[in-house]
file data_2.cif (mmCIF, C-alpha atoms)
data_work
#
loop_
_atom_site.label_atom_id
_atom_site.label_comp_id
_atom_site.auth_asym_id
_atom_site.auth_seq_id
_atom_site.Cartn_x
_atom_site.Cartn_y
_atom_site.Cartn_z
CA MET A 1 0.00 0.00 0.00
CA ASN A 2 1.27 3.46 -0.85
CA GLU A 3 1.27 5.36 2.46
CA LYS A 4 2.04 8.81 1.06
CA ASP A 5 -0.60 11.13 -0.33
CA ILE A 6 -0.17 10.42 -4.03
CA TYR A 7 -1.85 13.69 -4.96
CA LYS A 8 0.94 15.76 -3.41
CA GLY A 9 3.25 17.37 -5.93
CA ILE A 10 1.36 16.09 -9.00
CA PRO A 11 -0.54 18.52 -11.24
CA LEU A 12 -4.13 17.35 -11.43
CA ASP A 13 -4.01 17.03 -15.21
CA LYS A 14 -1.10 14.58 -14.88
CA ILE A 15 -2.94 12.13 -12.62
CA PRO A 16 -3.42 8.98 -14.76
CA TRP A 17 -6.88 8.08 -13.44
CA LYS A 18 -8.40 11.57 -13.61
CA ARG A 19 -11.49 11.35 -15.82
CA GLU A 20 -14.55 13.55 -15.92
CA THR A 21 -17.02 10.73 -16.66
CA PRO A 22 -17.12 7.17 -15.31
CA PRO A 23 -16.38 4.38 -17.79
CA ASP A 24 -19.36 2.65 -19.36
CA ILE A 25 -18.69 -0.60 -17.48
CA LEU A 26 -19.17 1.24 -14.19
CA ILE A 27 -22.21 3.24 -15.26
CA ASN A 28 -24.01 0.31 -16.86
CA THR A 29 -23.35 -2.10 -14.00
CA ILE A 30 -24.48 0.29 -11.29
CA LYS A 31 -27.61 1.39 -13.14
CA SER A 32 -28.55 -2.26 -13.76
CA LEU A 33 -28.37 -3.03 -10.03
CA VAL A 34 -29.77 -0.02 -8.18
CA SER A 35 -31.89 2.94 -9.24
CA SER A 36 -31.79 6.51 -7.99
CA PRO A 37 -32.04 7.72 -5.27
CA SER A 38 -30.15 4.69 -3.90
CA HIS A 39 -27.11 5.53 -1.78
CA LEU A 40 -23.76 4.84 -3.48
CA LEU A 41 -20.37 4.74 -1.77
CA ASP A 42 -17.37 5.68 -3.93
CA LEU A 43 -14.33 3.89 -2.48
CA GLY A 44 -11.14 5.75 -3.37
CA CYS A 45 -13.29 8.63 -4.62
CA GLY A 46 -10.32 10.71 -5.77
CA LEU A 47 -11.27 14.16 -7.02
CA GLY A 48 -14.98 13.31 -6.97
CA HIS A 49 -15.83 13.25 -10.68
CA TYR A 50 -17.47 9.81 -10.68
CA ALA A 51 -19.43 10.64 -7.54
CA ALA A 52 -20.55 13.90 -9.17
CA TYR A 53 -21.80 12.03 -12.24
CA PHE A 54 -23.98 9.75 -10.15
CA ALA A 55 -25.19 12.63 -7.95
CA GLN A 56 -26.26 14.46 -11.11
CA ASN A 57 -28.20 11.35 -12.08
CA GLY A 58 -30.22 11.36 -8.88
CA TYR A 59 -28.23 9.04 -6.62
CA LYS A 60 -27.25 9.83 -3.05
CA VAL A 61 -23.47 9.63 -2.85
CA SER A 62 -20.72 9.39 -0.27
CA GLY A 63 -17.02 9.06 -0.92
CA ILE A 64 -13.98 7.84 0.98
CA ASP A 65 -10.35 8.48 0.14
CA ILE A 66 -7.07 8.23 2.04
CA SER A 67 -5.94 11.53 0.52
CA GLN A 68 -6.85 14.80 2.24
CA ILE A 69 -6.12 16.62 -1.02
CA ALA A 70 -8.53 14.41 -2.97
CA VAL A 71 -11.31 14.82 -0.41
CA SER A 72 -10.84 18.58 -0.44
CA HIS A 73 -11.12 18.70 -4.25
CA ALA A 74 -14.19 16.45 -4.20
CA ASN A 75 -15.91 18.82 -1.77
CA GLN A 76 -14.94 21.79 -3.95
CA LEU A 77 -16.29 20.09 -7.06
CA PHE A 78 -19.63 19.39 -5.38
CA GLY A 79 -19.79 22.99 -4.21
CA ILE A 80 -19.17 24.32 -7.72
CA LYS A 81 -21.80 21.99 -9.19
CA ASN A 82 -24.23 22.62 -6.33
CA LEU A 83 -24.47 18.91 -5.56
CA LYS A 84 -25.02 17.10 -2.28
CA GLY A 85 -22.52 14.49 -1.11
CA ASP A 86 -20.44 13.52 1.89
CA PHE A 87 -16.71 12.85 1.64
CA TYR A 88 -14.43 11.37 4.27
CA GLU A 89 -10.65 11.24 4.61
CA LEU A 90 -10.20 7.69 5.85
CA ASP A 91 -7.85 4.71 5.58
CA LEU A 92 -10.01 1.62 5.25
CA CYS A 93 -6.95 -0.60 5.63
CA LYS A 94 -7.02 0.22 9.34
CA THR A 95 -9.62 -0.39 12.03
CA THR A 96 -12.37 2.20 11.79
CA ASN A 97 -15.62 2.86 13.60
CA ILE A 98 -17.15 5.15 10.99
CA THR A 99 -20.87 4.72 10.42
CA LEU A 100 -22.76 5.91 7.35
CA PRO A 101 -26.40 6.01 6.32
CA PRO A 102 -27.51 2.75 4.62
CA ILE A 103 -25.38 2.01 1.54
CA GLU A 104 -27.04 0.05 -1.28
CA LEU A 105 -23.92 -0.21 -3.44
CA ALA A 106 -20.20 0.43 -2.90
CA TYR A 107 -17.89 0.62 -5.89
CA GLU A 108 -14.21 1.02 -6.53
CA PHE A 109 -12.60 1.53 -9.90
CA GLU A 110 -8.85 1.00 -10.27
CA VAL A 111 -8.33 1.22 -6.50
CA LEU A 112 -7.66 -2.28 -5.13
CA HIS A 113 -4.34 -2.58 -6.97
CA HIS A 114 -3.06 0.25 -4.76
CA ILE A 115 -3.63 -2.00 -1.73
CA TYR A 116 -1.09 -4.75 -1.06
CA PRO A 117 -2.33 -8.26 -0.11
CA GLU A 118 -1.46 -7.97 3.59
CA TYR A 119 -3.90 -5.05 3.97
CA ARG A 120 -6.77 -6.36 1.90
CA LYS A 121 -8.64 -8.42 4.49
CA MET A 122 -9.04 -5.43 6.78
CA TYR A 123 -10.06 -3.27 3.82
CA VAL A 124 -12.71 -5.72 2.62
CA GLN A 125 -14.02 -6.25 6.15
CA ASN A 126 -14.51 -2.50 6.50
CA VAL A 127 -16.33 -2.33 3.17
CA ARG A 128 -18.65 -5.11 4.31
CA LYS A 129 -19.44 -3.25 7.56
CA LEU A 130 -20.45 -0.14 5.61
CA LEU A 131 -22.88 -1.95 3.31
CA SER A 132 -26.53 -2.62 4.03
CA GLU A 133 -27.61 -6.25 4.17
CA GLY A 134 -28.14 -7.29 0.56
CA GLY A 135 -26.02 -4.38 -0.68
CA TYR A 136 -23.71 -4.74 -3.66
CA TYR A 137 -19.95 -4.32 -3.87
CA LEU A 138 -18.27 -3.79 -7.24
CA SER A 139 -14.49 -3.97 -7.52
CA ILE A 140 -12.51 -3.45 -10.73
CA CYS A 141 -8.71 -3.69 -10.45
CA PHE A 142 -5.72 -4.42 -12.67
CA SER A 143 -5.06 -8.03 -13.60
CA LYS A 144 -1.65 -9.73 -13.59
CA LYS A 145 -2.43 -10.68 -17.20
CA ASP A 146 -2.08 -7.05 -18.26
CA GLN A 147 0.63 -6.77 -20.89
CA ASN A 148 0.38 -3.04 -21.56
CA PHE A 149 1.46 -1.80 -18.14
CA GLY A 150 5.23 -1.42 -17.73
CA GLY A 151 7.20 -4.14 -15.96
CA GLU A 152 6.52 -7.74 -15.10
CA GLY A 153 5.37 -9.65 -12.05
CA LYS A 154 2.72 -8.72 -9.53
CA TYR A 155 4.45 -5.62 -8.14
CA ARG A 156 5.02 -2.96 -10.81
CA LYS A 157 6.28 0.62 -10.64
CA THR A 158 4.29 3.45 -12.18
CA PRO A 159 5.56 6.62 -13.91
CA ILE A 160 4.37 8.72 -10.95
CA GLY A 161 6.46 6.74 -8.47
CA THR A 162 3.87 4.42 -6.92
CA GLU A 163 3.98 0.64 -6.90
CA LEU A 164 0.87 -1.36 -7.76
CA TYR A 165 -0.06 -4.97 -7.07
CA PHE A 166 -1.51 -6.90 -10.02
CA SER A 167 -3.88 -9.68 -8.93
CA SER A 168 -5.13 -12.92 -10.42
CA VAL A 169 -8.79 -13.86 -10.64
CA GLU A 170 -8.10 -16.68 -8.18
CA GLU A 171 -6.66 -14.26 -5.60
CA ILE A 172 -9.63 -11.93 -5.83
CA GLN A 173 -12.08 -14.81 -5.64
CA ASP A 174 -10.36 -16.35 -2.60
CA LEU A 175 -10.33 -12.97 -0.80
CA MET A 176 -13.83 -11.78 -1.59
CA SER A 177 -15.61 -15.11 -1.09
CA GLN A 178 -14.71 -14.97 2.62
CA TYR A 179 -16.94 -11.92 3.09
CA PHE A 180 -19.34 -11.71 0.14
CA ARG A 181 -21.40 -13.83 -2.20
CA ILE A 182 -19.71 -13.44 -5.57
CA LEU A 183 -22.26 -12.84 -8.33
CA GLU A 184 -19.80 -12.46 -11.21
CA ILE A 185 -16.06 -12.42 -11.64
CA LYS A 186 -14.26 -12.11 -14.97
CA GLU A 187 -11.38 -10.58 -16.91
CA VAL A 188 -12.29 -7.38 -18.77
CA GLU A 189 -10.48 -4.84 -20.91
CA LEU A 190 -10.51 -1.23 -19.72
CA GLU A 191 -9.92 1.78 -21.89
CA GLY A 192 -6.81 3.67 -20.78
CA LYS A 193 -5.69 7.20 -21.61
CA THR A 194 -3.26 5.83 -24.19
CA ILE A 195 -3.61 2.02 -24.23
CA PRO A 196 -6.16 -0.48 -22.87
CA HIS A 197 -5.57 -2.45 -19.67
CA GLN A 198 -6.58 -5.93 -18.58
CA ALA A 199 -8.58 -5.91 -15.36
CA ILE A 200 -10.60 -8.10 -13.02
CA PHE A 201 -14.29 -7.32 -12.63
CA CYS A 202 -15.81 -8.68 -9.43
CA LEU A 203 -19.45 -8.08 -8.49
CA MET A 204 -20.55 -9.20 -5.03
CA GLN A 205 -23.41 -9.01 -2.59
CA LYS A 206 -23.48 -8.81 1.19
CA SER A 207 -25.54 -11.68 2.49
CA LYS A 208 -25.61 -14.04 5.44
CA PHE A 209 -23.65 -17.21 4.80
#

call {"tool": "encode", "arguments": {"input": "data_2.cif", "output": "structure tokens"}}
result
Amino acid sequence: MNEKDIYKGIPLDKIPWKRETPPDILINTIKSLVSSPSHLLDLGCGLGHYAAYFAQNGYKVSGIDISQIAVSHANQLFGIKNLKGDFYELDLCKTTNITLPPIELAYEFEVLHHIYPEYRKMYVQNVRKLLSEGGYYLSICFSKKDQNFGGEGKYRKTPIGTELYFSSVEEIQDLMSQYFRILEIKEVELEGKTIPHQAIFCLMQKSKF
């Protein structure tokens, strides 16, 4: 896990994952599962653009990010757009007692690969606690099968100085099945800013085992 605030010292237009509109795979999946005004939780909300999109489409939204800078920008964005949303600076890889209004769906897009395996159980446990019974959890992270990202192996350096962990489908399935009922898990191709990336799509539901 990258402990430093990765938004420090990087111009916002140079952040690789900064996009104004969510990708179709995220929009279509969420809209097929829950309708507005369901409450969505954006995990690793970043600058708040995806949350803003869903807020503009009638959803209630909350966001969590480890970066104070990101949370500040998300709040500013919602102020400029006159949208309602709650954002929290929080590390879900550590024990937390935060409570939120009922969450019907939590999603993360290109976030889990920032979290190393030794931190993931705590992270996923915290996500489960935040979800309502029967709520959905959607995770989309880089796959170890990706050939277009620099380097080899599961740990790979990025141009902005971070190190990501590239998972296998089996790893994600073994982790998530301890806490959620897996509805669908598959390899997908994501559109990148310059080249596509191979990723793992995992859709889950919180239910009693």

call {"tool": "resolve_selection", "arguments": {"input": "data_2.cif", "expression": "the PyMOL selection byres ((chain A and resi 35-42) around 8)", "output": "VMD selection string"}}
result
chain A and resid 31 to 34 43 to 45 50 to 51 57 to 64 102 to 108

call {"tool": "residues_around", "arguments": {"input": "data_2.cif", "residues": "segment 197-201 of chain A", "least_positions_apart": "3", "cutoff": "12 Å", "atoms": "only C-alpha atoms", "output": "PyMOL selection string"}}
result
chain A and resi 25-26+29+107-113+137-150+165-173+176+182-194+204

call {"tool": "closest_residue", "arguments": {"input": "data_2.cif", "among": "A:Thr95, A:Ser207, A:Asn28, A:Thr162", "to": "Lys121 of chain A", "atoms": "only C-alpha atoms"}}
result
A:Thr95

call {"tool": "residues_near_point", "arguments": {"input": "data_2.cif", "point": "(-11.1, 12.7, -8.4)", "cutoff": "7 Å", "atoms": "all atoms listed in the file", "output": "PyMOL selection string"}}
result
chain A and resi 18+45-49+70+74

call {"tool": "write_last_selection", "arguments": {"input": "data_2.cif", "atoms": "C-alpha atoms", "output": "compact mmCIF listing (two decimals), in the frame of the given file"}}
result
# COMPACT_ATOMS: atom_id res chain seq x y z
CA LYS A 18 -8.40 11.57 -13.61
CA CYS A 45 -13.29 8.63 -4.62
CA GLY A 46 -10.32 10.71 -5.77
CA LEU A 47 -11.27 14.16 -7.02
CA GLY A 48 -14.98 13.31 -6.97
CA HIS A 49 -15.83 13.25 -10.68
CA ALA A 70 -8.53 14.41 -2.97
CA ALA A 74 -14.19 16.45 -4.20

call {"tool": "resolve_selection", "arguments": {"input": "data_2.cif", "expression": "the PyMOL selection byres ((chain A and resi 163) around 9)", "output": "MDAnalysis selection string"}}
result
chainID A and resid 1:2 113:114 155:158 161:162 164:165

call {"tool": "write_last_selection", "arguments": {"input": "data_2.cif", "atoms": "C-alpha atoms", "output": "mmCIF file, keeping the file's coordinate frame"}}
result
data_model
loop_
_atom_site.group_PDB
_atom_site.id
_atom_site.type_symbol
_atom_site.label_atom_id
_atom_site.label_comp_id
_atom_site.auth_asym_id
_atom_site.auth_seq_id
_atom_site.Cartn_x
_atom_site.Cartn_y
_atom_site.Cartn_z
ATOM 1 C CA MET A 1 0.000 0.000 0.000
ATOM 2 C CA ASN A 2 1.270 3.460 -0.850
ATOM 3 C CA HIS A 113 -4.340 -2.580 -6.970
ATOM 4 C CA HIS A 114 -3.060 0.250 -4.760
ATOM 5 C CA TYR A 155 4.450 -5.620 -8.140
ATOM 6 C CA ARG A 156 5.020 -2.960 -10.810
ATOM 7 C CA LYS A 157 6.280 0.620 -10.640
ATOM 8 C CA THR A 158 4.290 3.450 -12.180
ATOM 9 C CA GLY A 161 6.460 6.740 -8.470
ATOM 10 C CA THR A 162 3.870 4.420 -6.920
ATOM 11 C CA LEU A 164 0.870 -1.360 -7.760
ATOM 12 C CA TYR A 165 -0.060 -4.970 -7.070
#

call {"tool": "axis_aligned_box", "arguments": {"input": "data_2.cif", "around": "segment 107-112 of chain A", "padding_each_side": "5 Å", "output": "AutoDock Vina command-line options"}}
result
--center_x -12.8 --center_y -0.4 --center_z -7.7 --size_x 20.2 --size_y 13.8 --size_z 15.1

call {"tool": "atom_distance", "arguments": {"input": "data_2.cif", "atom1": "atom CA of Tyr119 of chain A", "atom2": "atom CA of Cys93 of chain A"}}
result
5.6 Å

call {"tool": "residues_around", "arguments": {"input": "data_2.cif", "residues": "Val71 of chain A", "least_positions_apart": "2", "cutoff": "7 Å", "atoms": "only C-alpha atoms", "output": "list in words"}}
result
Gly46, Leu47, Asp65, Ser67, Gln68, Ile69, His73, Ala74, Asn75, Phe87, Tyr88 and Glu89 of chain A

call {"tool": "atom_distance", "arguments": {"input": "data_2.cif", "atom1": "atom CA of Leu175 of chain A", "atom2": "atom CA of Gln125 of chain A"}}
result
10.3 Å

call {"tool": "closest_residue", "arguments": {"input": "data_2.cif", "among": "A:Ile160, A:Leu77, A:Lys206, A:Ala55", "to": "Val127 of chain A", "atoms": "only C-alpha atoms"}}
result
A:Lys206

call {"tool": "resolve_selection", "arguments": {"input": "data_2.cif", "expression": "the PyMOL selection byres ((chain A and resi 97) around 12)", "output": "PyMOL selection string"}}
result
chain A and resi 90-92+94-96+98-100+125-127+129-130

call {"tool": "atom_distance", "arguments": {"input": "data_2.cif", "atom1": "atom CA of Lys154 of chain A", "atom2": "atom CA of Tyr116 of chain A"}}
result
10.1 Å

call {"tool": "closest_residue", "arguments": {"input": "data_2.cif", "among": "A:Arg120, A:Glu152, A:Glu20, A:Arg128", "to": "Asp174 of chain A", "atoms": "only C-alpha atoms"}}
result
A:Arg120

call {"tool": "closest_residue", "arguments": {"input": "data_2.cif", "among": "A:Leu203, A:Ile27, A:Arg19, A:Gln178", "to": "Met122 of chain A", "atoms": "all atoms listed in the file"}}
result
A:Gln178
